>>> print(open('model-v9.txt').read())   # compact mmCIF, C-alpha atoms and all ligand atoms
# COMPACT_ATOMS: atom_id res chain seq x y z
CA MET A 4 105.40 158.23 183.50
CA ILE A 5 106.40 154.75 182.42
CA GLY A 6 107.50 152.42 185.23
CA VAL A 7 111.18 151.78 185.86
CA CYS A 8 110.84 148.07 185.05
CA ASN A 9 108.45 145.24 184.28
CA HIS A 10 108.61 141.88 185.96
CA TYR A 11 107.12 138.46 185.39
CA ASP A 12 107.03 135.85 188.11
CA GLY A 13 107.70 132.19 187.40
CA GLU A 14 107.90 129.11 189.58
CA LEU A 15 111.61 128.29 189.12
CA PRO A 16 114.41 129.60 191.38
CA LEU A 17 115.71 131.32 188.21
CA LEU A 18 115.48 135.09 187.66
CA ILE A 19 116.64 136.64 184.40
CA SER A 20 117.60 140.30 184.74
CA VAL A 21 117.60 142.47 181.59
CA PRO A 22 119.02 145.85 182.62
CA HIS A 23 120.06 147.36 179.26
CA ASP A 24 117.24 146.68 176.78
CA GLY A 25 115.30 149.85 177.68
CA VAL A 26 115.18 152.80 175.30
CA HIS A 27 113.03 155.31 177.18
CA ILE A 28 114.56 158.62 178.17
CA PRO A 29 112.65 161.19 180.25
CA VAL A 30 112.03 164.39 178.29
CA ASP A 31 113.96 166.59 180.72
CA ILE A 32 117.04 164.51 179.86
CA SER A 33 116.40 163.86 176.16
CA ALA A 34 115.94 167.61 175.54
CA ARG A 35 119.66 168.06 176.31
CA MET A 36 120.94 165.14 174.25
CA THR A 37 122.71 164.98 170.89
CA GLN A 38 121.43 163.02 167.90
CA ALA A 39 124.08 160.41 168.64
CA GLY A 40 122.79 160.06 172.18
CA LEU A 41 119.11 160.02 171.20
CA ALA A 42 119.81 157.06 168.90
CA VAL A 43 120.77 155.02 172.04
CA PRO A 44 123.25 152.90 170.03
CA ASP A 45 124.54 151.08 173.13
CA THR A 46 121.22 149.43 173.91
CA ASP A 47 121.27 145.65 174.49
CA TRP A 48 118.84 145.38 171.56
CA HIS A 49 116.03 142.79 171.74
CA VAL A 50 117.47 140.91 174.72
CA ALA A 51 114.05 140.69 176.42
CA GLU A 52 112.55 139.29 173.22
CA LEU A 53 115.44 136.86 172.84
CA TYR A 54 114.75 135.44 176.31
CA ASP A 55 110.96 135.47 176.11
CA PHE A 56 110.98 131.64 175.78
CA ALA A 57 112.28 131.43 179.36
CA ARG A 58 108.89 132.45 180.76
CA ASP A 59 107.49 129.17 179.45
CA LEU A 60 110.28 127.34 181.28
CA GLY A 61 109.10 128.94 184.53
CA ALA A 62 111.80 131.57 184.88
CA SER A 63 111.06 135.02 186.28
CA LEU A 64 112.12 138.07 184.31
CA LEU A 65 112.95 141.62 185.33
CA ILE A 66 113.22 144.04 182.42
CA ALA A 67 114.32 147.68 182.61
CA ASN A 68 112.40 150.26 180.61
CA TYR A 69 114.85 153.18 180.65
CA SER A 70 118.02 153.54 178.61
CA ARG A 71 121.41 152.94 180.19
CA TYR A 72 122.10 156.58 179.27
CA VAL A 73 119.68 157.62 182.05
CA VAL A 74 121.46 155.45 184.60
CA ASP A 75 123.40 152.23 184.14
CA LEU A 76 121.80 149.59 186.35
CA ASN A 77 124.86 147.37 186.02
CA ARG A 78 127.09 149.87 187.82
CA SER A 79 127.22 150.53 191.54
CA ALA A 80 125.37 153.61 192.80
CA SER A 81 128.76 155.05 193.75
CA ASP A 82 130.07 154.37 190.20
CA ASP A 83 133.05 152.23 191.20
CA VAL A 84 135.36 151.22 188.36
CA LEU A 85 134.48 147.75 187.04
CA TYR A 86 137.45 147.09 184.80
CA PRO A 87 140.58 148.94 185.94
CA GLY A 88 142.69 150.25 183.07
CA GLN A 89 139.87 150.05 180.50
CA VAL A 90 137.75 152.88 179.07
CA ALA A 91 134.93 153.23 181.60
CA THR A 92 131.25 153.23 180.63
CA GLY A 93 130.02 154.84 183.81
CA LEU A 94 126.87 155.16 185.88
CA CYS A 95 125.55 158.13 183.85
CA PRO A 96 127.47 157.93 180.57
CA GLU A 97 128.42 161.14 178.78
CA GLN A 98 129.88 159.38 175.73
CA THR A 99 128.61 156.52 173.58
CA PHE A 100 130.73 153.37 173.18
CA ALA A 101 131.91 154.92 169.91
CA GLY A 102 133.07 158.03 171.76
CA ASP A 103 130.36 160.44 170.57
CA GLY A 104 129.05 163.00 173.05
CA ILE A 105 125.63 162.19 174.53
CA TYR A 106 124.88 165.76 175.72
CA VAL A 107 124.78 168.91 173.59
CA GLU A 108 126.62 170.78 176.30
CA GLY A 109 127.68 169.97 179.82
CA GLY A 110 127.01 166.56 181.25
CA VAL A 111 125.48 165.06 184.36
CA SER A 112 126.17 166.87 187.63
CA ASP A 113 126.72 165.00 190.89
CA GLU A 114 123.33 166.20 192.10
CA GLU A 115 121.53 164.99 188.98
CA ARG A 116 123.38 161.66 189.14
CA SER A 117 122.12 161.19 192.70
CA GLU A 118 118.56 162.01 191.61
CA ARG A 119 118.73 159.48 188.80
CA VAL A 120 120.00 156.84 191.20
CA GLU A 121 117.00 157.42 193.47
CA GLN A 122 114.42 157.64 190.68
CA TYR A 123 115.60 154.98 188.20
CA TRP A 124 118.40 152.86 189.70
CA ARG A 125 117.11 152.10 193.18
CA PRO A 126 113.63 150.81 192.17
CA TYR A 127 115.19 148.24 189.82
CA HIS A 128 117.57 147.01 192.48
CA GLU A 129 114.87 146.92 195.15
CA GLN A 130 112.74 144.78 192.84
CA LEU A 131 115.68 142.53 191.95
CA ALA A 132 116.65 142.03 195.58
CA ALA A 133 113.05 141.29 196.58
CA MET A 134 112.61 138.72 193.82
CA LEU A 135 115.85 136.94 194.75
CA GLN A 136 114.92 136.96 198.42
CA ALA A 137 111.49 135.48 197.67
CA LYS A 138 113.06 132.71 195.58
CA ARG A 139 115.61 131.87 198.25
CA GLU A 140 112.88 131.69 200.88
CA LYS A 141 110.77 129.44 198.69
CA HIS A 142 113.45 127.16 197.22
CA GLY A 143 116.38 127.52 199.60
CA TYR A 144 118.46 129.15 196.87
CA ALA A 145 118.12 131.63 194.03
CA LEU A 146 119.66 131.79 190.56
CA LEU A 147 120.35 135.10 188.83
CA TRP A 148 121.13 135.30 185.13
CA ASP A 149 122.10 138.82 184.07
CA ALA A 150 121.34 139.04 180.35
CA HIS A 151 123.27 141.39 178.05
CA SER A 152 124.36 141.91 174.48
CA ILE A 153 126.84 144.17 172.71
CA PRO A 154 128.08 144.81 169.17
CA SER A 155 130.72 142.31 168.07
CA VAL A 156 133.30 145.03 167.46
CA VAL A 157 133.73 148.04 169.80
CA PRO A 158 137.32 149.28 169.37
CA ARG A 159 137.17 151.61 172.39
CA LEU A 160 136.17 148.74 174.68
CA PHE A 161 137.97 145.65 173.37
CA ASP A 162 140.30 144.42 170.63
CA GLY A 163 139.03 142.49 167.63
CA GLU A 164 135.76 140.59 167.40
CA LEU A 165 134.11 139.40 170.59
CA PRO A 166 133.26 135.67 170.92
CA GLU A 167 129.53 135.08 170.60
CA LEU A 168 128.90 133.91 174.17
CA ASN A 169 130.79 135.61 176.99
CA ILE A 170 130.13 134.01 180.36
CA GLY A 171 131.05 136.07 183.42
CA THR A 172 131.21 134.78 187.00
CA ASN A 173 133.58 137.38 188.47
CA ASN A 174 136.47 134.96 187.94
CA GLY A 175 134.52 132.09 189.43
CA SER A 176 133.29 133.74 192.62
CA SER A 177 129.63 134.61 191.84
CA CYS A 178 128.35 131.04 191.35
CA ASP A 179 129.20 127.61 192.72
CA ALA A 180 131.79 125.71 190.72
CA ALA A 181 129.67 122.72 189.70
CA ARG A 182 126.90 124.93 188.35
CA GLN A 183 129.34 127.08 186.39
CA SER A 184 130.93 124.01 184.85
CA LYS A 185 127.58 122.72 183.66
CA VAL A 186 126.65 126.07 182.10
CA ILE A 187 130.03 126.33 180.36
CA ALA A 188 129.72 122.77 179.04
CA ALA A 189 126.24 123.54 177.68
CA ALA A 190 127.58 126.62 175.91
CA GLU A 191 130.57 124.81 174.46
CA ALA A 192 128.37 121.98 173.17
CA GLY A 193 126.65 124.41 170.82
CA PRO A 194 127.82 126.00 167.55
CA PHE A 195 128.95 129.32 169.11
CA SER A 196 132.32 130.66 170.19
CA VAL A 197 132.57 130.89 173.98
CA ALA A 198 134.71 132.90 176.41
CA VAL A 199 134.63 132.52 180.19
CA ASN A 200 135.68 135.47 182.35
CA GLY A 201 137.38 137.06 179.37
CA ARG A 202 136.79 140.73 178.57
CA PHE A 203 133.43 140.52 180.38
CA LYS A 204 133.57 138.99 183.85
CA GLY A 205 130.18 140.17 185.10
CA GLY A 206 129.24 143.71 186.04
CA TYR A 207 127.88 145.14 189.24
CA ILE A 208 124.72 143.01 189.25
CA THR A 209 126.63 139.72 189.01
CA ARG A 210 129.29 140.78 191.47
CA HIS A 211 126.94 142.34 194.02
CA TYR A 212 124.22 139.69 194.15
CA GLY A 213 126.23 136.58 193.35
CA ASP A 214 127.08 135.04 196.73
CA PRO A 215 127.25 131.24 196.65
CA ASP A 216 127.77 131.03 200.44
CA SER A 217 124.37 132.73 200.84
CA GLU A 218 122.79 130.48 198.19
CA ILE A 219 122.51 133.13 195.51
CA HIS A 220 124.29 132.09 192.33
CA ALA A 221 124.81 134.64 189.58
CA ILE A 222 126.06 134.45 186.00
CA GLN A 223 126.30 137.21 183.40
CA LEU A 224 125.97 136.32 179.75
CA GLU A 225 127.19 138.98 177.31
CA ILE A 226 126.11 137.95 173.81
CA ALA A 227 127.75 139.36 170.70
CA GLN A 228 124.82 140.77 168.76
CA ARG A 229 125.74 139.06 165.48
CA ALA A 230 124.41 135.86 167.07
CA TYR A 231 120.76 136.98 166.84
CA MET A 232 120.38 140.24 164.91
CA ASP A 233 121.70 142.33 162.06
CA GLU A 234 124.12 144.64 163.79
CA ALA A 235 124.12 147.38 161.15
CA SER A 236 120.35 147.85 161.15
CA THR A 237 119.69 146.51 164.70
CA VAL A 238 116.88 144.38 163.19
CA PHE A 239 116.09 141.14 165.07
CA ASP A 240 116.88 138.02 163.02
CA ALA A 241 114.32 135.36 163.91
CA GLY A 242 116.28 132.58 162.21
CA LYS A 243 119.49 133.36 164.04
CA ALA A 244 117.59 133.85 167.28
CA ALA A 245 115.94 130.44 167.02
CA ARG A 246 119.37 128.82 166.68
CA LEU A 247 120.76 130.79 169.60
CA ARG A 248 117.74 130.04 171.80
CA GLU A 249 118.50 126.31 171.51
CA THR A 250 121.84 126.90 173.20
CA LEU A 251 120.42 129.43 175.67
CA ARG A 252 117.76 126.92 176.68
CA LEU A 253 120.44 124.30 177.39
CA MET A 254 122.54 126.80 179.32
CA LEU A 255 119.58 127.92 181.45
CA SER A 256 118.60 124.30 182.06
CA ALA A 257 122.16 123.49 183.15
CA PHE A 258 122.14 126.52 185.44
CA SER A 259 118.81 125.48 186.97
CA ASP A 260 119.72 121.81 187.35
CA ARG A 261 119.90 120.82 191.00
ZN ZN B 301 124.34 145.18 178.81
>>> encode(input="model-v9.txt", output="structure tokens", more="lines below")
Ligand SMILES: [Zn+2]
Amino acid sequence: MIGVCNHYDGELPLLISVPHDGVHIPVDISARMTQAGLAVPDTDWHVAELYDFARDLGASLLIANYSRYVVDLNRSASDDVLYPGQVATGLCPEQTFAGDGIYVEGGVSDEERSERVEQYWRPYHEQLAAMLQAKREKHGYALLWDAHSIPSVVPRLFDGELPELNIGTNNGSSCDAARQSKVIAAAEAGPFSVAVNGRFKGGYITRHYGDPDSEIHAIQLEIAQRAYMDEASTVFDAGKAARLRETLRLMLSAFSDR
């Protein structure tokens, strides 16, 4: 069995979490899935590759291997609602973002959901918590960047076309104000459209771990996929990615600046 996640340790206080780039699905689950589900269309495609430059900067990375259809690592284990009043994409989704069924029949029982939490959700969060704790012990603080991407247009989830860079700090509470301001300024200095605490304010990971009073500062970046790939084919676009990485590098540097 493939491990739940891979991690790479760097010297900086910065940890980049990539919870939605995995495409693996255990066979006991995939055997019950529809073609629409097996295509895992809601993957945060190529996000680990997009951020691979950050290892050279000294950042640590934590990258999930399993699909969000197995269990969504950016939801609480009790599946609390993240965005009241919006269509929910839950802990163990039964529909794709487009509204297609993921399972041929039935769905995910409470018992199976609990098993998936223990087998696939908890190991990622134990690793994430341990890495943050180690950084805080070593540096006196830790920085968590939760890295995501999504198609530019998802009518069931939001109106119109999403800005390219969507910074989420749980309305300002997951990261100290000075650090947020520097990251926002770095984003706005680049050629991309930027939203701050708009449709995406940070999911469970940002909200749960981000605690400035305890010297853990967290930011979620939701990137509209047109900024680095061809959305129709899901093919990585190296030229676009190079341009985006220039801005990401400045944002990560601003975040890491003391
Ligand atoms: Zn995501």
>>> residues_near_ligand(input="model-v9.txt", ligand="ligand ZN 301 (chain B)", cutoff="8 Å", atoms="only C-alpha atoms and all ligand atoms", output="JSON, numbers by chain")
{"A": [21, 22, 23, 24, 46, 47, 77, 150, 151, 152, 153, 225]}
>>> atom_distance(input="model-v9.txt", atom1="CA of Ile219 (chain A)", atom2="CA of Ser196 (chain A)")
27.3 Å
>>> residues_around(input="model-v9.txt", residues="Leu255 (chain A)", least_positions_apart="2", cutoff="10 Å", atoms="all atoms listed in the file", output="PDB file with C-alpha atoms, keeping the file's coordinate frame")
ATOM      1  CA  LEU A  17     115.710 131.320 188.210  1.00  0.00           C
ATOM      2  CA  ILE A  19     116.640 136.640 184.400  1.00  0.00           C
ATOM      3  CA  ALA A  57     112.280 131.430 179.360  1.00  0.00           C
ATOM      4  CA  LEU A  60     110.280 127.340 181.280  1.00  0.00           C
ATOM      5  CA  ALA A  62     111.800 131.570 184.880  1.00  0.00           C
ATOM      6  CA  LEU A 146     119.660 131.790 190.560  1.00  0.00           C
ATOM      7  CA  TRP A 148     121.130 135.300 185.130  1.00  0.00           C
ATOM      8  CA  LYS A 185     127.580 122.720 183.660  1.00  0.00           C
ATOM      9  CA  VAL A 186     126.650 126.070 182.100  1.00  0.00           C
ATOM     10  CA  ALA A 189     126.240 123.540 177.680  1.00  0.00           C
ATOM     11  CA  ALA A 190     127.580 126.620 175.910  1.00  0.00           C
ATOM     12  CA  THR A 250     121.840 126.900 173.200  1.00  0.00           C
ATOM     13  CA  LEU A 251     120.420 129.430 175.670  1.00  0.00           C
ATOM     14  CA  ARG A 252     117.760 126.920 176.680  1.00  0.00           C
ATOM     15  CA  LEU A 253     120.440 124.300 177.390  1.00  0.00           C
ATOM     16  CA  ALA A 257     122.160 123.490 183.150  1.00  0.00           C
ATOM     17  CA  PHE A 258     122.140 126.520 185.440  1.00  0.00           C
ATOM     18  CA  SER A 259     118.810 125.480 186.970  1.00  0.00           C
ATOM     19  CA  ASP A 260     119.720 121.810 187.350  1.00  0.00           C
TER      20      ASP A 260
END
>>> residues_around(input="model-v9.txt", residues="Gly6 (chain A)", least_positions_apart="4", cutoff="10 Å", atoms="only C-alpha atoms", output="list in words")
Ala67, Asn68, Tyr69, Tyr123, Pro126 and Tyr127 of chain A
>>> atom_distance(input="model-v9.txt", atom1="CA of His128 (chain A)", atom2="CA of Leu76 (chain A)")
7.9 Å
>>> residues_around(input="model-v9.txt", residues="Tyr144 (chain A)", least_positions_apart="2", cutoff="8 Å", atoms="only C-alpha atoms", output="PyMOL selection string")
chain A and resi 16+138-142+146+217-220
>>> closest_residue(input="model-v9.txt", among="A:Thr237, A:Ser70, A:Trp124, A:Tyr207", to="Val84 (chain A)", atoms="only C-alpha atoms")
A:Tyr207
>>> residues_around(input="model-v9.txt", residues="Ala221 (chain A)", least_positions_apart="6", cutoff="9 Å", atoms="all atoms listed in the file", output="PDB file with C-alpha atoms, in the coordinates of the input")
ATOM      1  CA  ALA A 145     118.120 131.630 194.030  1.00  0.00           C
ATOM      2  CA  LEU A 146     119.660 131.790 190.560  1.00  0.00           C
ATOM      3  CA  LEU A 147     120.350 135.100 188.830  1.00  0.00           C
ATOM      4  CA  TRP A 148     121.130 135.300 185.130  1.00  0.00           C
ATOM      5  CA  ASP A 149     122.100 138.820 184.070  1.00  0.00           C
ATOM      6  CA  GLY A 171     131.050 136.070 183.420  1.00  0.00           C
ATOM      7  CA  THR A 172     131.210 134.780 187.000  1.00  0.00           C
ATOM      8  CA  SER A 177     129.630 134.610 191.840  1.00  0.00           C
ATOM      9  CA  CYS A 178     128.350 131.040 191.350  1.00  0.00           C
ATOM     10  CA  ASP A 179     129.200 127.610 192.720  1.00  0.00           C
ATOM     11  CA  GLY A 205     130.180 140.170 185.100  1.00  0.00           C
ATOM     12  CA  ILE A 208     124.720 143.010 189.250  1.00  0.00           C
ATOM     13  CA  THR A 209     126.630 139.720 189.010  1.00  0.00           C
ATOM     14  CA  ARG A 210     129.290 140.780 191.470  1.00  0.00           C
ATOM     15  CA  TYR A 212     124.220 139.690 194.150  1.00  0.00           C
ATOM     16  CA  GLY A 213     126.230 136.580 193.350  1.00  0.00           C
ATOM     17  CA  ASP A 214     127.080 135.040 196.730  1.00  0.00           C
ATOM     18  CA  PRO A 215     127.250 131.240 196.650  1.00  0.00           C
TER      19      PRO A 215
END
>>> closest_residue(input="model-v9.txt", among="A:Pro29, A:Gln228, A:Asp216, A:Asp75", to="Ala91 (chain A)", atoms="all atoms listed in the file")
A:Asp75
>>> closest_residue(input="model-v9.txt", among="A:Arg159, A:Arg119, A:Leu131, A:Tyr54", to="Thr99 (chain A)", atoms="all atoms listed in the file")
A:Arg159
>>> atom_distance(input="model-v9.txt", atom1="CA of Phe239 (chain A)", atom2="CA of Pro96 (chain A)")
25.5 Å
>>> residues_around(input="model-v9.txt", residues="Phe161 (chain A)", least_positions_apart="5", cutoff="9 Å", atoms="all atoms listed in the file", output="count of residues only")
3
>>> closest_residue(input="model-v9.txt", among="A:Ile32, A:Leu65, A:Val107, A:Val120", to="Ala133 (chain A)", atoms="only C-alpha atoms")
A:Leu65
>>> closest_atom_pairs(input="model-v9.txt", of="region 124-234 of chain A", to="region 241-247 of chain A", cutoff="9 Å", atoms="all atoms listed in the file", output="JSON lines")
{"residue": "A:Gly193", "atom": "CA", "partner": "A:Leu247", "partner_atom": "CA", "distance": 8.8}
{"residue": "A:Pro194", "atom": "CA", "partner": "A:Leu247", "partner_atom": "CA", "distance": 8.8}
{"residue": "A:Phe195", "atom": "CA", "partner": "A:Leu247", "partner_atom": "CA", "distance": 8.3}
{"residue": "A:Arg229", "atom": "CA", "partner": "A:Lys243", "partner_atom": "CA", "distance": 8.6}
{"residue": "A:Ala230", "atom": "CA", "partner": "A:Lys243", "partner_atom": "CA", "distance": 6.3}
{"residue": "A:Tyr231", "atom": "CA", "partner": "A:Ala244", "partner_atom": "CA", "distance": 4.5}
{"residue": "A:Met232", "atom": "CA", "partner": "A:Lys243", "partner_atom": "CA", "distance": 7.0}
>>> closest_residue(input="model-v9.txt", among="A:Arg182, A:His49, A:Arg58, A:Arg125", to="Leu18 (chain A)", atoms="all atoms listed in the file")
A:Arg58
>>> axis_aligned_box(input="model-v9.txt", around="region 84-90 of chain A", padding_each_side="8 Å", output="JSON")
{"center_x": 138.6, "center_y": 150.0, "center_z": 183.7, "size_x": 24.2, "size_y": 21.8, "size_z": 25.3}
